[in-house]
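Working notes for the structure below.
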Amino acid sequence: MRRLCLCLLLLVTFVLPARAAEEIVVGVTPFPHKDIMLKAKPLLEKEGYKLVLKEFTDYVQPNLALASKLLFANFFQHEPYLENMNKEKNLKLVSIGKVHIEPLGVYSKKLVKLEDLKKGDSISVPNDPTNEARALRLLEAHGVIGIKPGSLVTVADIVTNPLNIKFHELEAAQLPRALDDVTCAVINTNFACEAGLIPTRDALAIESSDSPYANVLVIREEDENSPKAKALLKAVQSLEVRVFIEKELTSKGIVPAF
C-alpha cells in the first residue's frame with residue numbers, strides 16, 4: 001500500500017501542466033466575416049489553437065493592423081482590394097484562400113425598381129477604388145450609365161449618363177445610413193445585412209454569382225507557409241463552414257467560394 005501511494009505521489013509530481021493553446025488573432029468586419037470565423041473556432045481548438053477575433057468597421061485599418069503585426073490574419077476583403085492596398089500602402093500581404101462571395105447590390109427607399117430612376121436622381125457608391133469600380137460596373141450592366149474601359153474606374157470615368165444622375169462617393173460603412181438622403185445606394189452585402197437589408201429580397205439589382213470578388217483570408221507574406229496559416233485555412237475552408245454558409249447565409253446573399 002505504501003509503495004502504491006509513493007508511485008501515485010511521484011506520478012502527480014511529474015505530470016506536466018497542459019500546454020496553453022497558441023493564439024491566432026484575426027481581424028474581421030462584423031457580418032458575415034465574424035459569423036464565419038466563429039463557426040471555424042471550435043475546429044481550430046481541436047488543433048490546439050485559440051481563435052481571437054478583433055472587430056473593425058472600416059476597410060483600411062485591418063490591413064494596417066496586419067502589416068504592423070497586431071493581427072496574424074484578417075478576413076474582410078476581396079483580392080482586387082488587397083492588391084490595390086498593397087500597392088498604395090506598400091504592404092506585403094497575401095491571400096491564402098477564398099472563402100465566400102458577397103454580391104454588391106443597389107438599394108432604395110424611394111424606388112420599387114431600378115428602371116424608375118428619373119433625371120437628376122442621386123446614387124451613393126463606395127469611395128474605395130475597387131468597390132467603387134464594382135458599383136459603377138453594376139450600374140453600367142443595368143443601363144444606368146456607360147464607363148470607360150479599365151479596372152479601377154471612378155465617377156470621373158463615366159462617359160454616358162442619360163439621366164444626369166448625381167453621384168456621391170461615401171465610405172462603404174456609411175452607405176446604408178445615406179439611403180434617406182439619396183435615391184439609391186450601391187451597398188456591400190455585409191453592411192446591407194447589418195442594416196436589416198436582405199440582398200435577395202431588397203436589392204433592385206445585384207451582382208451575378210460568378211463575380212470575381214471573392215472574400216479571402218489574408219496574412220503577411222512571411223507567414224504564408226506557417227503551421228498556423230495552414231490550420232486557419234483548413235478550418236475556414238472546412239465542410240462544416242461550407243454547410244453553415246449554405247444553410248444560414250445564402251438567403252442573405254452570401255455564397256461559398258471554396
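Chain labels A, B, ... are given in the sequence in which chains occur in the C-alpha cells; within each chain residues are numbered consecutively from 1, and ligands are likewise numbered from 1 in the order shown.
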Next on the checklist: Can you tell me which residues surround region 219-234 of chain A at a distance of at most 6 Å, considering only C-alpha atoms, apart from same-chain residues fewer than 5 positions away, and format the answer as number ranges by chain?
Outcome noted: A: 73, 92-94
Residues from last step as file, C-alpha atoms, as a PDB file, in the first residue's frame:
```pdb
ATOM      1  CA  ALA A  73      -4.578  37.380 -40.300  1.00  0.00           C
ATOM      2  CA  LYS A  92       3.375  42.753 -48.138  1.00  0.00           C
ATOM      3  CA  LEU A  93       0.121  40.906 -47.552  1.00  0.00           C
ATOM      4  CA  VAL A  94      -1.087  37.823 -49.409  1.00  0.00           C
TER       5      VAL A  94
END
```
How close does region 95-143 of chain A get to region 176-198 of chain A? List, as a tab-separated table, each residue of region 95-143 of chain A within 10 Å, its nearest atom pair and the distance in Å to one decimal, counting only C-alpha atoms.
```
residue	atom	partner	partner_atom	distance
A:Ile101	CA	A:Thr189	CA	9.2
A:Glu102	CA	A:Thr189	CA	5.4
A:Pro103	CA	A:Thr189	CA	6.2
A:Leu104	CA	A:Asn188	CA	4.9
A:Gly105	CA	A:Val186	CA	5.5
A:Val106	CA	A:Val186	CA	4.4
A:Tyr107	CA	A:Ala185	CA	5.4
A:Ser108	CA	A:Cys184	CA	4.5
A:Lys109	CA	A:Leu179	CA	6.6
A:Lys110	CA	A:Thr183	CA	6.0
A:Leu111	CA	A:Thr183	CA	7.3
A:Leu114	CA	A:Cys184	CA	8.7
A:Leu117	CA	A:Thr183	CA	8.0
A:Lys118	CA	A:Thr183	CA	9.4
A:Gly120	CA	A:Thr183	CA	9.7
A:Asp121	CA	A:Thr183	CA	5.9
A:Ser122	CA	A:Thr183	CA	5.1
A:Ile123	CA	A:Cys184	CA	4.7
A:Ser124	CA	A:Ala185	CA	4.5
A:Val125	CA	A:Val186	CA	5.2
A:Pro126	CA	A:Val186	CA	7.2
A:Asn131	CA	A:Asn188	CA	8.2
A:Glu132	CA	A:Val186	CA	8.8
A:Arg134	CA	A:Val186	CA	9.3
A:Ala135	CA	A:Val186	CA	6.0
A:Leu136	CA	A:Val186	CA	8.7
A:Leu138	CA	A:Val186	CA	8.8
A:Leu139	CA	A:Val186	CA	8.8
```
Next on the checklist: Need the shell around Tyr49 (chain A): protein/DNA/RNA residues with any atom at most 7 Å away, counting only C-alpha atoms. Skip same-chain ones fewer than 2 positions apart. Format as a PyMOL selection string?
Outcome noted: chain A and resi 21-24+44-45+47+51
Item to check | Counting only C-alpha atoms, the option among A:Lys89, A:Ile158, A:Ile36, A:Lys113 closest to Val255 (chain A) | outcome: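 For Val255 (chain A), the nearest of the given residues is A:Ile36.
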Checklist entry - Any idea what's packed within 12 Å of Leu70 (chain A), counting only C-alpha atoms, ignoring anything in its chain fewer than 2 positions away? Could you give it as a list in words? => result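 My reading of the contact set: Ile24, Val25, Val26, Gly27, Val52, Leu53, Lys54, Gln61, Pro62, Asn63, Leu64, Ala65, Leu66, Ala67, Ser68, Phe72, Ala73, Asn74, Ile219 and Arg220 of chain A.
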Next on the checklist: Could you go through region 40-127 of chain A and tell me which residues DSSP, when run on the backbone, assigns to helix (DSSP H, G or I), listing them as a VMD selection string?
Outcome noted: chain A and resid 40 to 46 61 to 67 79 to 89 114 to 116
Expected file contents, prior selection, C-alpha atoms, as an mmCIF file, in the first residue's frame:
```
data_model
loop_
_atom_site.group_PDB
_atom_site.id
_atom_site.type_symbol
_atom_site.label_atom_id
_atom_site.label_comp_id
_atom_site.auth_asym_id
_atom_site.auth_seq_id
_atom_site.Cartn_x
_atom_site.Cartn_y
_atom_site.Cartn_z
ATOM 1 C CA ALA A 40 -14.347 27.814 -37.532
ATOM 2 C CA LYS A 41 -13.346 28.492 -33.909
ATOM 3 C CA PRO A 42 -14.091 25.030 -32.423
ATOM 4 C CA LEU A 43 -12.301 23.370 -35.341
ATOM 5 C CA LEU A 44 -9.158 25.346 -34.511
ATOM 6 C CA GLU A 45 -9.494 24.482 -30.833
ATOM 7 C CA LYS A 46 -9.299 20.795 -31.769
ATOM 8 C CA GLN A 61 -7.322 49.588 -40.532
ATOM 9 C CA PRO A 62 -7.488 45.755 -40.760
ATOM 10 C CA ASN A 63 -4.680 45.704 -43.340
ATOM 11 C CA LEU A 64 -2.585 48.264 -41.486
ATOM 12 C CA ALA A 65 -3.016 46.299 -38.243
ATOM 13 C CA LEU A 66 -1.995 43.100 -40.010
ATOM 14 C CA ALA A 67 1.086 44.707 -41.550
ATOM 15 C CA GLU A 79 -8.357 40.184 -53.798
ATOM 16 C CA PRO A 80 -8.598 43.247 -56.080
ATOM 17 C CA TYR A 81 -8.966 45.434 -52.986
ATOM 18 C CA LEU A 82 -5.987 43.700 -51.354
ATOM 19 C CA GLU A 83 -3.850 44.221 -54.455
ATOM 20 C CA ASN A 84 -4.706 47.914 -54.519
ATOM 21 C CA MET A 85 -3.941 48.337 -50.789
ATOM 22 C CA ASN A 86 -0.603 46.551 -51.185
ATOM 23 C CA LYS A 87 0.296 48.970 -53.966
ATOM 24 C CA GLU A 88 -0.958 52.136 -52.233
ATOM 25 C CA LYS A 89 0.431 51.413 -48.765
ATOM 26 C CA LEU A 114 -34.156 50.478 -60.901
ATOM 27 C CA GLU A 115 -35.972 51.400 -64.110
ATOM 28 C CA ASP A 116 -37.909 54.021 -62.111
#
```
Item to check | Nearby residues (only C-alpha atoms) at most 8 Å from Ile147 (chain A), same-chain spacing under 6 positions excluded, as a PyMOL selection string | outcome: chain A and resi 136-137+140+153+157-160
Checklist entry - Of the candidates A:Val155, A:Val216, A:Ala173, A:Ile245, which one gets nearest to Pro30 (chain A) if we count only C-alpha atoms? => result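 Among the listed residues, the smallest separation from Pro30 (chain A) belongs to A:Ala173.
In this model, the gap between CA of Lys39 (chain A) and CA of Glu248 (chain A) comes to 11.3 Å.
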Checklist entry - Which is closest to Ser238 (chain A) among A:Ala20, A:Ala214, A:Val60, A:Val99, if we use only C-alpha atoms? => result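 Going through A:Ala20, A:Ala214, A:Val60, A:Val99 one by one, the smallest distance to Ser238 (chain A) is for A:Val99.
Nearest residue to Asn215 (chain A), choosing from A:Lys119, A:Lys98, A:Lys69, A:Arg242 and counting only C-alpha atoms: A:Lys98.
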